[in-house]
file query.cif (mmCIF, C-alpha atoms and all ligand atoms)
data_run
loop_
_atom_site.label_atom_id
_atom_site.label_comp_id
_atom_site.auth_asym_id
_atom_site.auth_seq_id
_atom_site.Cartn_x
_atom_site.Cartn_y
_atom_site.Cartn_z
CA MET O 18 33.20 45.56 46.55
CA LYS O 19 35.09 43.65 49.27
CA ALA O 20 32.54 42.66 51.82
CA MET O 21 34.81 42.27 54.83
CA ASP O 22 36.10 45.86 54.65
CA PHE O 23 32.68 47.29 55.28
CA LEU O 24 31.08 44.93 57.68
CA GLN O 25 29.19 46.54 60.52
CA PRO O 26 26.07 45.05 62.04
CA GLN O 27 22.81 46.49 60.72
CA HIS O 28 19.33 45.43 61.57
CA LEU O 29 17.58 44.90 58.24
CA MET O 30 13.85 45.08 57.67
CA ILE O 31 13.33 43.22 54.43
CA SER O 32 10.13 43.39 52.37
CA ILE O 33 10.50 40.91 49.56
CA GLU O 34 7.66 42.26 47.49
CA LYS O 35 5.71 45.43 48.03
CA GLU O 36 3.00 46.75 45.82
CA GLY O 37 2.19 50.41 45.35
CA PRO O 38 -0.60 51.85 43.19
CA GLU O 39 -0.15 50.81 39.56
CA LYS O 40 -1.41 54.09 38.16
CA ARG O 41 1.04 56.95 38.47
CA VAL O 42 -0.28 60.09 40.08
CA LYS O 43 1.57 63.25 40.97
CA GLN O 44 1.91 63.93 44.65
CA SER O 45 4.30 65.76 46.92
CA PHE O 46 5.55 62.62 48.63
CA PRO O 47 7.45 59.96 46.60
CA LEU O 48 4.84 57.24 46.71
CA ARG O 49 6.20 53.98 45.27
CA PHE O 50 4.42 52.67 42.20
CA GLY O 51 4.19 49.12 40.92
CA ARG O 52 5.94 46.12 42.42
CA TYR O 53 9.30 46.34 44.12
CA SER O 54 11.38 45.12 47.08
CA GLU O 55 12.47 47.22 50.00
CA ILE O 56 15.17 46.97 52.65
CA ARG O 57 15.26 49.39 55.54
CA THR O 58 18.10 50.00 57.93
CA LYS O 59 17.81 52.35 60.89
CA ASP O 60 18.82 55.31 58.75
CA PHE O 61 17.98 54.52 55.11
CA GLU O 62 15.37 52.98 52.85
CA PHE O 63 16.59 51.08 49.77
CA CYS O 64 14.24 50.05 46.97
CA PHE O 65 14.99 47.41 44.35
CA ASN O 66 13.24 46.52 41.13
CA LEU O 67 12.01 43.00 40.44
CA ASN O 68 15.41 42.05 38.97
CA GLY O 69 17.12 42.95 42.26
CA GLU O 70 18.70 46.10 40.80
CA ILE O 71 18.86 49.02 43.21
CA LYS O 72 16.43 51.80 42.20
CA SER O 73 16.38 54.36 44.99
CA ILE O 74 17.90 55.37 48.33
CA ARG O 75 16.17 57.68 50.78
CA GLY O 76 17.41 58.92 54.15
CA LEU O 77 15.19 58.38 57.17
CA LYS O 78 17.04 60.33 59.86
CA PRO O 79 15.91 63.82 60.85
CA ASP O 80 19.06 65.38 59.36
CA TRP O 81 18.17 64.11 55.84
CA PRO O 82 17.25 67.31 53.93
CA HIS O 83 13.58 66.44 53.39
CA PRO O 84 11.54 63.21 53.73
CA ALA O 85 10.49 63.49 50.07
CA GLU O 86 14.09 63.75 48.78
CA GLN O 87 15.91 60.69 47.49
CA PHE O 88 18.44 59.30 45.05
CA LYS O 89 17.02 57.48 42.06
CA ARG O 90 19.14 55.29 39.78
CA THR O 91 18.15 55.37 36.11
CA MET O 92 18.45 52.55 33.57
CA GLY O 93 21.45 54.46 32.22
CA ASN O 94 23.01 53.93 35.69
CA ASP O 95 22.94 57.61 36.64
CA TRP O 96 22.22 58.42 40.26
CA VAL O 97 19.86 61.39 40.12
CA TYR O 98 19.13 63.32 43.31
CA TYR O 99 15.48 64.37 43.59
CA THR O 100 15.15 67.57 45.54
CA VAL O 101 12.01 69.44 46.52
CA GLY O 102 13.92 72.74 46.24
CA ASP O 103 13.97 75.47 48.82
CA LYS O 104 10.72 77.23 47.99
CA SER O 105 7.24 75.89 47.79
CA GLY O 106 3.98 77.04 46.23
CA HIS O 107 3.83 79.59 43.46
CA GLU O 108 7.59 80.09 43.20
CA GLY O 109 8.64 76.54 43.96
CA VAL O 110 9.83 73.60 41.90
CA VAL O 111 6.30 72.52 40.97
CA SER O 112 5.53 75.85 39.29
CA TRP O 113 8.42 75.58 36.85
CA MET O 114 8.82 71.79 36.49
CA GLY O 115 5.18 70.71 36.71
CA GLU O 116 6.38 68.08 39.21
CA TYR O 117 6.95 68.16 42.95
CA TYR O 118 10.66 67.51 42.56
CA LEU O 119 13.66 68.72 40.63
CA PRO O 120 16.00 66.03 39.31
CA CYS O 121 19.62 67.06 40.05
CA LEU O 122 21.69 65.35 37.40
CA PRO O 123 25.20 64.00 37.98
CA TYR O 124 26.36 65.24 34.53
CA PRO O 125 26.39 68.65 32.79
CA SER O 126 22.96 69.81 31.66
CA ASN O 127 20.98 73.05 31.50
CA PRO O 128 19.50 73.46 35.00
CA VAL O 129 18.07 76.82 36.04
CA TRP O 130 18.66 75.98 39.64
CA GLU O 131 21.69 73.98 40.71
CA ILE O 132 21.55 72.25 44.06
CA ARG O 133 25.05 71.28 45.21
CA TYR O 134 23.86 68.10 46.86
CA PHE O 135 27.24 66.41 46.42
CA SER O 136 28.86 68.74 48.95
CA ASN O 137 26.38 67.69 51.63
CA PRO O 138 27.91 64.74 53.56
CA VAL O 139 24.51 63.70 54.94
CA ILE O 140 23.25 63.15 51.39
CA MET O 141 26.42 61.57 50.03
CA ASN O 142 26.52 59.16 52.98
CA ALA O 143 23.71 57.33 51.16
CA PHE O 144 26.33 55.72 48.90
CA ALA O 145 28.49 54.59 51.83
CA GLU O 146 25.36 53.06 53.37
CA TRP O 147 24.59 51.29 50.10
CA SER O 148 28.10 49.74 50.13
CA GLN O 149 27.61 48.81 53.76
CA LEU O 150 24.27 47.17 53.04
CA PHE O 151 25.72 45.26 50.09
CA ALA O 152 28.54 43.92 52.30
CA ASN O 153 26.08 42.92 55.01
CA LEU O 154 23.84 41.14 52.51
CA TYR O 155 26.91 39.27 51.29
CA MET O 156 27.69 38.08 54.82
CA ALA O 157 24.04 37.35 55.60
CA ASN O 158 23.82 35.21 52.50
CA SER O 159 26.97 33.23 53.29
CA GLN O 160 25.75 32.65 56.86
CA GLY O 161 22.23 31.65 55.79
CA MET O 162 20.60 34.58 57.60
CA TYR O 163 17.19 35.94 56.53
CA PRO O 164 16.29 32.58 54.91
CA HIS O 165 12.87 33.91 53.82
CA ALA O 166 14.60 36.59 51.72
CA ARG O 167 17.28 34.39 50.22
CA GLY O 168 16.07 34.78 46.62
CA LEU O 169 15.94 38.58 46.90
CA ILE O 170 19.37 38.79 48.54
CA GLU O 171 20.88 36.65 45.79
CA ARG O 172 19.30 38.84 43.11
CA ILE O 173 20.70 41.96 44.77
CA LEU O 174 24.17 40.42 45.15
CA ALA O 175 24.14 39.44 41.47
CA ASN O 176 23.76 43.15 40.64
CA ASP O 177 26.84 44.81 42.10
CA ASP O 178 28.08 48.19 40.85
CA ARG O 179 30.09 46.64 38.01
CA VAL O 180 27.11 44.61 36.78
CA LEU O 181 24.82 47.64 36.98
CA TYR O 182 27.27 49.64 34.86
CA GLU O 183 27.57 46.81 32.33
CA ARG O 184 23.79 46.50 32.15
CA SER O 185 23.53 50.17 31.21
CA GLN O 186 26.06 49.60 28.41
CA GLU O 187 24.15 46.56 27.26
CA LEU O 188 21.01 48.67 26.90
CA ASN O 189 22.88 51.02 24.57
CA ARG O 190 24.15 48.06 22.57
CA ILE O 191 20.63 46.64 22.20
CA ILE O 192 19.14 49.88 20.90
CA GLY O 193 22.31 50.75 18.95
CA ALA O 194 22.45 54.28 20.39
CA ARG O 195 22.53 56.29 23.57
CA VAL O 196 19.41 58.27 24.39
CA SER O 197 21.15 61.60 25.01
CA VAL O 198 17.91 63.44 25.75
CA LEU O 199 14.39 62.41 26.68
CA PRO O 200 11.28 64.36 25.69
CA PRO O 201 10.20 66.69 28.52
CA ASP O 202 6.81 64.96 28.61
CA THR O 203 8.45 61.78 29.94
CA ARG O 204 8.25 63.53 33.32
CA HIS O 205 4.69 62.14 33.42
CA ALA O 206 6.25 58.65 33.72
CA ASP O 207 9.07 59.86 36.00
CA TYR O 208 11.44 59.30 33.03
CA ASP O 209 10.95 55.50 33.31
CA VAL O 210 10.51 54.64 29.65
CA ILE O 211 11.44 51.69 27.49
CA PRO O 212 13.52 53.07 24.60
CA LEU O 213 13.06 51.74 21.09
CA ILE O 214 15.01 53.41 18.31
CA ILE O 215 13.22 53.63 14.97
CA SER O 216 15.52 56.18 13.34
CA ASP O 217 18.89 57.82 13.91
CA GLY O 218 20.15 61.34 13.29
CA CYS O 219 18.20 64.51 12.54
CA LEU O 220 16.90 66.37 9.53
CA TYR O 221 18.87 69.42 10.75
CA HIS O 222 22.22 69.92 12.42
CA CYS O 223 21.40 72.98 14.49
CA LYS O 224 24.46 74.90 15.65
CA PHE O 225 23.24 75.42 19.26
CA CYS O 226 22.23 71.81 19.86
CA CYS O 227 24.14 69.89 22.52
CA VAL O 228 22.43 66.52 22.04
CA LYS O 229 22.62 65.89 18.29
CA SER O 230 24.52 63.05 16.69
CA ASP O 231 26.65 63.44 13.57
CA GLN O 232 24.50 61.04 11.63
CA LYS O 233 22.20 62.01 8.80
CA PHE O 234 18.58 61.08 9.35
CA GLN O 235 18.05 57.41 8.63
CA LYS O 236 15.27 54.98 9.43
CA ARG O 237 16.08 51.61 11.00
CA SER O 238 14.76 48.49 9.25
CA LYS O 239 11.66 46.72 10.56
CA GLU O 240 13.85 43.68 11.29
CA ASN O 241 16.08 45.84 13.45
CA ILE O 242 13.06 47.16 15.35
CA GLN O 243 11.85 43.61 15.94
CA GLU O 244 15.30 42.52 17.12
CA GLN O 245 15.41 45.41 19.58
CA ILE O 246 11.98 44.50 20.94
CA THR O 247 12.97 40.86 21.49
CA ALA O 248 16.22 41.87 23.20
CA LEU O 249 14.54 44.59 25.30
CA LYS O 250 11.93 42.16 26.54
CA HIS O 251 14.69 39.85 27.74
CA TYR O 252 16.70 42.78 29.12
CA PHE O 253 13.92 44.24 31.29
CA GLY O 254 12.92 40.73 32.36
CA ALA O 255 10.71 40.42 35.43
CA ASP O 256 10.63 44.20 35.89
CA LEU O 257 8.88 44.76 32.56
CA VAL O 258 5.54 44.74 34.41
CA ASN O 259 6.50 48.01 36.06
CA TYR O 260 6.84 49.92 32.79
CA HIS O 261 4.01 51.92 31.35
CA ALA O 262 5.75 54.09 28.78
CA LEU O 263 7.52 53.67 25.45
CA PHE O 264 9.94 56.18 23.92
CA LEU O 265 10.36 55.89 20.17
CA GLY O 266 13.76 57.42 19.43
CA ASN O 267 15.81 59.03 18.58
CA HIS O 268 15.84 62.81 17.88
CA ASP O 269 13.15 62.97 15.19
CA ALA O 270 11.18 59.72 15.19
CA LEU O 271 8.23 61.60 13.69
CA ALA O 272 10.21 61.87 10.45
CA ALA O 273 10.18 58.05 10.20
CA GLY O 274 6.54 58.33 9.10
CA GLU O 275 3.21 56.72 9.88
CA ASP O 276 4.04 53.17 8.83
CA PHE O 277 7.20 52.92 10.96
CA ILE O 278 5.83 54.68 14.02
CA CYS O 279 2.65 52.63 14.14
CA PHE O 280 4.47 49.37 13.37
CA ALA O 281 6.95 49.94 16.22
CA ALA O 282 4.28 51.11 18.68
CA GLU O 283 1.97 48.17 17.98
CA GLU O 284 4.73 45.53 18.08
CA ALA O 285 6.06 46.97 21.34
CA TYR O 286 2.60 47.19 22.86
CA ASN O 287 2.02 43.48 22.33
CA ALA O 288 5.52 42.28 23.22
CA PHE O 289 5.89 44.35 26.40
CA GLY O 290 2.42 43.52 27.67
CA PHE O 291 1.33 47.15 27.97
CA ARG O 292 -2.25 47.67 29.05
CA GLN O 293 -4.46 50.34 30.49
CA ARG O 294 -4.06 50.87 34.25
CA MET O 295 -7.33 52.08 35.69
CA ASP O 296 -8.16 55.04 33.41
CA GLN O 297 -4.53 55.56 32.36
CA ARG O 298 -3.33 54.36 28.98
CA PRO O 299 0.35 53.56 28.51
CA PHE O 300 2.33 56.57 27.27
CA LEU O 301 3.97 56.80 23.87
CA TYR O 302 6.62 59.50 23.48
CA LEU O 303 8.46 60.80 20.47
CA PHE O 304 10.27 63.87 19.21
CA GLY O 305 9.43 65.68 16.02
CA SER O 306 10.97 68.61 14.17
CA VAL O 307 9.19 71.55 12.55
CA GLY O 308 9.87 69.97 9.12
CA SER O 309 8.66 66.45 9.95
CA PHE O 310 5.63 67.83 11.81
CA LEU O 311 4.55 70.07 8.93
CA ARG O 312 4.98 67.19 6.51
CA SER O 313 2.91 64.75 8.62
CA GLU O 314 -0.47 64.08 7.05
CA PRO O 315 -3.75 64.03 9.02
CA ALA O 316 -3.87 60.23 8.49
CA LEU O 317 -0.83 59.84 10.77
CA PHE O 318 -2.50 61.66 13.65
CA GLU O 319 -5.75 59.81 13.12
CA LYS O 320 -3.90 56.51 13.26
CA LEU O 321 -1.85 57.49 16.32
CA ASN O 322 -5.04 58.53 18.05
CA ARG O 323 -6.43 55.03 17.50
CA LEU O 324 -3.41 53.30 19.08
CA PRO O 325 -3.89 51.94 22.62
CA PHE O 326 -1.51 54.64 23.93
CA TYR O 327 -1.77 58.25 25.01
CA THR O 328 0.77 59.84 22.68
CA TYR O 329 2.99 62.85 23.30
CA ILE O 330 4.89 64.34 20.39
CA ASN O 331 7.40 67.00 21.39
CA ILE O 332 8.39 69.52 18.70
CA GLY O 333 11.52 71.70 18.75
CA PHE O 334 10.19 75.13 17.76
CA GLU O 335 13.08 77.00 19.45
CA SER O 336 12.12 80.54 18.38
CA MET O 337 9.68 82.69 16.42
CA ASP O 338 12.32 85.33 15.87
CA PRO O 339 14.23 85.20 12.52
CA ASP O 340 17.43 86.69 14.05
CA THR O 341 17.44 84.11 16.83
CA LEU O 342 16.79 81.24 14.44
CA SER O 343 19.78 82.29 12.39
CA LEU O 344 21.92 82.88 15.50
CA ILE O 345 21.31 79.35 16.76
CA GLY O 346 21.72 77.86 13.29
CA LYS O 347 18.23 76.40 12.97
CA PRO O 348 17.42 76.06 9.28
CA VAL O 349 13.69 76.86 9.47
CA THR O 350 11.86 80.15 8.95
CA SER O 351 9.76 81.95 11.54
CA GLY O 352 6.81 81.45 9.16
CA GLN O 353 7.29 77.68 9.35
CA VAL O 354 7.52 77.81 13.15
CA LYS O 355 4.27 79.79 13.30
CA GLU O 356 2.57 77.35 10.94
CA ALA O 357 3.77 74.38 13.02
CA PHE O 358 2.59 76.09 16.23
CA GLU O 359 -0.88 76.56 14.75
CA LYS O 360 -0.91 72.94 13.64
CA MET O 361 -0.08 71.92 17.21
CA MET O 362 -3.06 73.90 18.50
CA GLU O 363 -5.36 72.32 15.95
CA ILE O 364 -4.26 68.74 16.66
CA ASN O 365 -4.54 69.25 20.41
CA ALA O 366 -8.09 70.48 19.97
CA THR O 367 -9.03 67.64 17.61
CA PHE O 368 -7.61 64.46 19.15
CA ASP O 369 -8.28 63.29 22.66
CA ARG O 370 -5.56 60.64 22.94
CA MET O 371 -2.72 62.75 21.76
CA GLU O 372 -0.89 65.84 22.76
CA ILE O 373 1.65 67.90 20.87
CA THR O 374 4.00 69.92 23.07
CA GLY O 375 6.73 72.36 22.03
CA ASN O 376 10.12 73.63 23.06
CA PHE O 377 11.51 77.13 22.87
CA ILE O 378 14.98 78.16 23.90
CA ALA O 379 15.73 80.56 26.74
CA GLY O 380 18.95 82.47 27.26
CA ASP O 381 20.23 85.77 28.56
CA ASN O 382 22.10 86.75 25.39
CA LEU O 383 19.23 86.29 22.97
CA SER O 384 17.73 89.16 21.00
CA PRO O 385 14.75 90.88 22.68
CA GLY O 386 12.81 89.84 19.58
CA HIS O 387 12.91 86.25 20.84
CA ASP O 388 11.30 86.85 24.25
CA ASN O 389 8.82 89.35 22.84
CA SER O 390 7.65 87.17 19.95
CA LEU O 391 7.34 84.16 22.25
CA ALA O 392 5.39 86.07 24.90
CA LEU O 393 3.05 87.42 22.22
CA LEU O 394 2.54 84.01 20.65
CA LEU O 395 1.62 82.38 23.96
CA LYS O 396 -0.52 85.27 25.13
CA HIS O 397 -2.72 85.03 22.05
CA ALA O 398 -2.67 81.24 21.62
CA GLY O 399 -6.32 80.43 21.13
CA ALA O 400 -6.25 77.26 23.22
CA LYS O 401 -9.54 75.43 23.31
CA ARG O 402 -8.12 72.94 25.79
CA LYS O 403 -5.95 74.94 28.09
CA SER O 404 -4.42 71.98 29.86
CA LYS O 405 -2.97 70.57 26.63
CA GLY O 406 -0.01 71.66 24.59
CA ALA O 407 2.58 72.43 27.24
CA ILE O 408 5.38 74.74 26.19
CA TYR O 409 8.84 73.99 27.56
CA LEU O 410 11.49 76.67 27.85
CA SER O 411 14.92 75.17 27.50
CA PRO O 412 17.82 77.26 28.83
CA LEU O 413 20.77 77.19 26.44
CA LYS O 414 23.52 75.09 27.95
CA ASP O 415 26.19 77.78 27.80
CA SER O 416 23.94 80.54 29.08
CA PRO O 417 25.92 81.85 32.09
CA LYS O 418 23.07 83.23 34.17
CA LYS O 419 20.43 80.53 34.02
CA ARG O 420 19.06 81.27 37.49
CA GLU O 421 18.23 84.79 36.33
CA LEU O 422 15.97 83.40 33.64
CA LEU O 423 13.36 82.44 36.22
CA PRO O 424 11.75 85.90 36.60
CA ARG O 425 11.43 86.09 32.80
CA PHE O 426 10.02 82.58 32.78
CA TYR O 427 7.35 83.62 35.30
CA THR O 428 6.38 86.67 33.25
CA ILE O 429 5.89 84.53 30.14
CA LYS O 430 4.08 81.84 32.12
CA GLU O 431 1.68 84.27 33.76
CA GLU O 432 0.58 85.74 30.46
CA SER O 433 0.50 82.48 28.50
CA ARG O 434 -2.74 80.74 27.63
CA LEU O 435 -0.83 77.46 27.48
CA PRO O 436 0.94 75.68 30.36
CA VAL O 437 4.63 76.70 30.48
CA PHE O 438 7.44 74.76 32.16
CA VAL O 439 11.23 74.60 32.21
CA TYR O 440 12.86 71.85 30.14
CA LEU O 441 15.70 70.08 31.87
CA ILE O 442 17.82 68.11 29.39
CA GLN O 443 17.93 64.63 30.83
CA ARG O 444 19.39 61.48 29.30
CA LEU O 445 18.18 57.95 29.83
S1 LIG O 501 17.83 70.79 17.89
FE1 LIG O 501 16.74 68.91 17.37
S2 LIG O 501 16.77 68.89 15.12
FE2 LIG O 501 18.35 70.34 15.73
S3 LIG O 501 20.23 69.11 15.79
FE3 LIG O 501 19.36 69.10 17.88
S4 LIG O 501 18.15 67.25 18.00
FE4 LIG O 501 18.52 67.66 15.82
#
call {"tool": "encode", "arguments": {"input": "query.cif", "output": "structure tokens", "more": "lines below"}}
Ligand code: SF4
result
Amino acid sequence: MKAMDFLQPQHLMISIEKEGPEKRVKQSFPLRFGRYSEIRTKDFEFCFNLNGEIKSIRGLKPDWPHPAEQFKRTMGNDWVYYTVGDKSGHEGVVSWMGEYYLPCLPYPSNPVWEIRYFSNPVIMNAFAEWSQLFANLYMANSQGMYPHARGLIERILANDDRVLYERSQELNRIIGARVSVLPPDTRHADYDVIPLIISDGCLYHCKFCCVKSDQKFQKRSKENIQEQITALKHYFGADLVNYHALFLGNHDALAAGEDFICFAAEEAYNAFGFRQRMDQRPFLYLFGSVGSFLRSEPALFEKLNRLPFYTYINIGFESMDPDTLSLIGKPVTSGQVKEAFEKMMEINATFDRMEITGNFIAGDNLSPGHDNSLALLLKHAGAKRKSKGAIYLSPLKDSPKKRELLPRFYTIKEESRLPVFVYLIQRL
């Protein structure tokens, strides 16, 4: 960025360190959590993490679409636009996402509702304002302005767009992979998770899957896990205190087994300084497959339940219908899916610090047997704890009429005894 090209006077209101509630709660307004810095201009609010990396931009003028809408930058350096959608209440974003916002991703995914935010100049002006602010901070620093905020300004200037991009690449180098999809349950931590890869590849290579790698399933070594932890601690630096969630990757970490999962979770817990915040334990997230889940012994769940985390394991069920399973190239039987579903119900009723959730596909070209068997399964799910065991419906990426899936989603949701949401495939 060349500072001189952009320079226009701005009055800056700089808050070097602000502190929001440390426990995350869901609310309709984007309350800031943890510790951060904030700079306000007349028209925009910019938030930075404790390393001086930009985290979010929100418009303040009346023509900004909604006061709760904002851009958020992920650790993967994606700018995600958080919209509140155009309907509220029963039919709004919260009813199908379980959150008060819908993340609009700047890369192809499987959204049921696309908001073309990039064609709105009011929204896209946020990036021009960010460049403007960066240029003004550069000048302010060279002229010794805002002396009380000198340290913050220097941290921000050290994190220009090129550095932010390189940092995202460095994260991938540290973990030796790219997290191409996060478990849907990471929404509870607003997708802010520390990734730690304990295994690569999958047990299956499902035909329909858009996130798989070509690798065969393979565990990492314990040395590799320790090396990642050391490097991640250095990488997140001062901002580590703001993290309250760990993702053990990659696509089927459950298949790595009890010893590996618990080793990685315990080592990370100690190294990253996780702790309970009020009544909220740190979150532990992982994916499992039908095969690895059915093979997991009770001892694994008992041990996970004793960890100082609240653990979410997300299982890819995909379908109960044999024709659909064969159509999407998933090498499991409907009997195994049913067995795994029942195991999920049992574990959710037994353990209080753990929750198994499941994914099913949704698409407009699938056999009626898929929708019918799924609706029936959820209608008769004998949930003892109705708030646990969320089911996520994941629209197939190449399904042409995703928006039209919503009425079918509502029908399934209304009749289900378990919570049902839409799964948006989001990378780190
Ligand atoms: S659906 Fe899951 S198990 Fe199948 S290839 Fe994709 S990530 Fe692997």
call {"tool": "closest_residue", "arguments": {"input": "query.cif", "among": "O:Leu265, O:Val198, O:Leu169, O:Leu249", "to": "ligand LIG 501 (chain O)", "atoms": "all atoms listed in the file"}}
result
O:Val198
call {"tool": "closest_residue", "arguments": {"input": "query.cif", "among": "O:Asp276, O:Asp217, O:Glu359, O:Glu146", "to": "ligand LIG 501 (chain O)", "atoms": "only C-alpha atoms and all ligand atoms"}}
result
O:Asp217
call {"tool": "closest_residue", "arguments": {"input": "query.cif", "among": "O:Glu432, O:Asp388, O:Asp369, O:Asp103", "to": "Tyr329 of chain O", "atoms": "all atoms listed in the file"}}
result
O:Asp369
call {"tool": "residues_near_ligand", "arguments": {"input": "query.cif", "ligand": "ligand LIG 501 (chain O)", "cutoff": "10 Å", "atoms": "all atoms listed in the file", "output": "number ranges by chain"}}
result
O: 197-198, 218-234, 267-269, 304-309, 332-335, 345-348, 376, 378
call {"tool": "atom_distance", "arguments": {"input": "query.cif", "atom1": "atom CA of Leu423 of chain O", "atom2": "atom CA of Asp338 of chain O"}}
result
20.6 Å
call {"tool": "closest_residue", "arguments": {"input": "query.cif", "among": "O:Leu199, O:Ala285, O:Leu393, O:Cys64", "to": "Ile442 of chain O", "atoms": "all atoms listed in the file"}}
result
O:Leu199
call {"tool": "atom_distance", "arguments": {"input": "query.cif", "atom1": "atom CA of Tyr134 of chain O", "atom2": "atom CA of Ile56 of chain O"}}
result
23.6 Å
call {"tool": "residues_around", "arguments": {"input": "query.cif", "residues": "Val439 of chain O", "least_positions_apart": "5", "cutoff": "10 Å", "atoms": "all atoms listed in the file", "output": "PDB file with C-alpha atoms, in the coordinates of the input"}}
result
ATOM      1  CA  VAL O 110       9.830  73.600  41.900  1.00  0.00           C
ATOM      2  CA  SER O 112       5.530  75.850  39.290  1.00  0.00           C
ATOM      3  CA  TRP O 113       8.420  75.580  36.850  1.00  0.00           C
ATOM      4  CA  MET O 114       8.820  71.790  36.490  1.00  0.00           C
ATOM      5  CA  GLY O 115       5.180  70.710  36.710  1.00  0.00           C
ATOM      6  CA  ASN O 127      20.980  73.050  31.500  1.00  0.00           C
ATOM      7  CA  PRO O 128      19.500  73.460  35.000  1.00  0.00           C
ATOM      8  CA  VAL O 129      18.070  76.820  36.040  1.00  0.00           C
ATOM      9  CA  PRO O 201      10.200  66.690  28.520  1.00  0.00           C
ATOM     10  CA  ASN O 376      10.120  73.630  23.060  1.00  0.00           C
ATOM     11  CA  PHE O 377      11.510  77.130  22.870  1.00  0.00           C
ATOM     12  CA  ILE O 378      14.980  78.160  23.900  1.00  0.00           C
ATOM     13  CA  ALA O 379      15.730  80.560  26.740  1.00  0.00           C
ATOM     14  CA  ILE O 408       5.380  74.740  26.190  1.00  0.00           C
ATOM     15  CA  TYR O 409       8.840  73.990  27.560  1.00  0.00           C
ATOM     16  CA  LEU O 410      11.490  76.670  27.850  1.00  0.00           C
ATOM     17  CA  SER O 411      14.920  75.170  27.500  1.00  0.00           C
ATOM     18  CA  PRO O 412      17.820  77.260  28.830  1.00  0.00           C
ATOM     19  CA  LEU O 423      13.360  82.440  36.220  1.00  0.00           C
ATOM     20  CA  PHE O 426      10.020  82.580  32.780  1.00  0.00           C
TER      21      PHE O 426
END
call {"tool": "atom_distance", "arguments": {"input": "query.cif", "atom1": "atom CA of Leu321 of chain O", "atom2": "atom CA of Ala272 of chain O"}}
result
14.1 Å
call {"tool": "closest_residue", "arguments": {"input": "query.cif", "among": "O:Met162, O:Leu181, O:Leu383, O:Met361", "to": "Leu344 of chain O", "atoms": "all atoms listed in the file"}}
result
O:Leu383
call {"tool": "residues_near_point", "arguments": {"input": "query.cif", "point": "(15.3, 45.2, 20.4)", "cutoff": "12 Å", "atoms": "all atoms listed in the file", "output": "PyMOL selection string"}}
result
chain O and resi 187-194+211-215+237-253+265+281+284-285+288-289
call {"tool": "residues_near_point", "arguments": {"input": "query.cif", "point": "(-2.7, 70.0, 4.6)", "cutoff": "12 Å", "atoms": "only C-alpha atoms", "output": "list in words"}}
result
Phe310, Leu311, Arg312, Ser313, Glu314, Pro315, Ala316, Glu356, Ala357, Lys360 and Glu363 of chain O
call {"tool": "closest_residue", "arguments": {"input": "query.cif", "among": "O:Thr328, O:Asn382, O:Asn176, O:Thr374", "to": "Tyr440 of chain O", "atoms": "only C-alpha atoms"}}
result
O:Thr374
call {"tool": "build_atoms", "arguments": {"input": "query.cif", "residues": "segment 260-270 of chain O", "atoms": "N, CA and C atoms", "output": "PDB file, in the frame of the given file"}}
result
ATOM      1  N   TYR O 260       6.709  48.848  33.789  1.00  0.00           N
ATOM      2  CA  TYR O 260       6.840  49.920  32.790  1.00  0.00           C
ATOM      3  C   TYR O 260       5.493  50.207  32.123  1.00  0.00           C
ATOM      4  N   HIS O 261       5.287  51.495  31.893  1.00  0.00           N
ATOM      5  CA  HIS O 261       4.010  51.920  31.350  1.00  0.00           C
ATOM      6  C   HIS O 261       4.217  52.993  30.274  1.00  0.00           C
ATOM      7  N   ALA O 262       5.449  53.024  29.734  1.00  0.00           N
ATOM      8  CA  ALA O 262       5.750  54.090  28.780  1.00  0.00           C
ATOM      9  C   ALA O 262       6.801  53.635  27.781  1.00  0.00           C
ATOM     10  N   LEU O 263       6.606  54.036  26.539  1.00  0.00           N
ATOM     11  CA  LEU O 263       7.520  53.670  25.450  1.00  0.00           C
ATOM     12  C   LEU O 263       8.035  54.961  24.820  1.00  0.00           C
ATOM     13  N   PHE O 264       9.359  55.035  24.632  1.00  0.00           N
ATOM     14  CA  PHE O 264       9.940  56.180  23.920  1.00  0.00           C
ATOM     15  C   PHE O 264      10.444  55.686  22.574  1.00  0.00           C
ATOM     16  N   LEU O 265       9.858  56.206  21.502  1.00  0.00           N
ATOM     17  CA  LEU O 265      10.360  55.890  20.170  1.00  0.00           C
ATOM     18  C   LEU O 265      11.417  56.922  19.809  1.00  0.00           C
ATOM     19  N   GLY O 266      12.668  56.478  19.682  1.00  0.00           N
ATOM     20  CA  GLY O 266      13.760  57.420  19.430  1.00  0.00           C
ATOM     21  C   GLY O 266      14.195  57.372  17.972  1.00  0.00           C
ATOM     22  N   ASN O 267      15.107  58.272  17.571  1.00  0.00           N
ATOM     23  CA  ASN O 267      15.810  59.030  18.580  1.00  0.00           C
ATOM     24  C   ASN O 267      15.395  60.508  18.531  1.00  0.00           C
ATOM     25  N   HIS O 268      16.123  61.371  17.783  1.00  0.00           N
ATOM     26  CA  HIS O 268      15.840  62.810  17.880  1.00  0.00           C
ATOM     27  C   HIS O 268      14.680  63.292  17.029  1.00  0.00           C
ATOM     28  N   ASP O 269      14.270  62.538  16.041  1.00  0.00           N
ATOM     29  CA  ASP O 269      13.150  62.970  15.190  1.00  0.00           C
ATOM     30  C   ASP O 269      12.404  61.740  14.672  1.00  0.00           C
ATOM     31  N   ALA O 270      11.865  60.947  15.594  1.00  0.00           N
ATOM     32  CA  ALA O 270      11.180  59.720  15.190  1.00  0.00           C
ATOM     33  C   ALA O 270       9.956  60.032  14.328  1.00  0.00           C
TER      34      ALA O 270
END
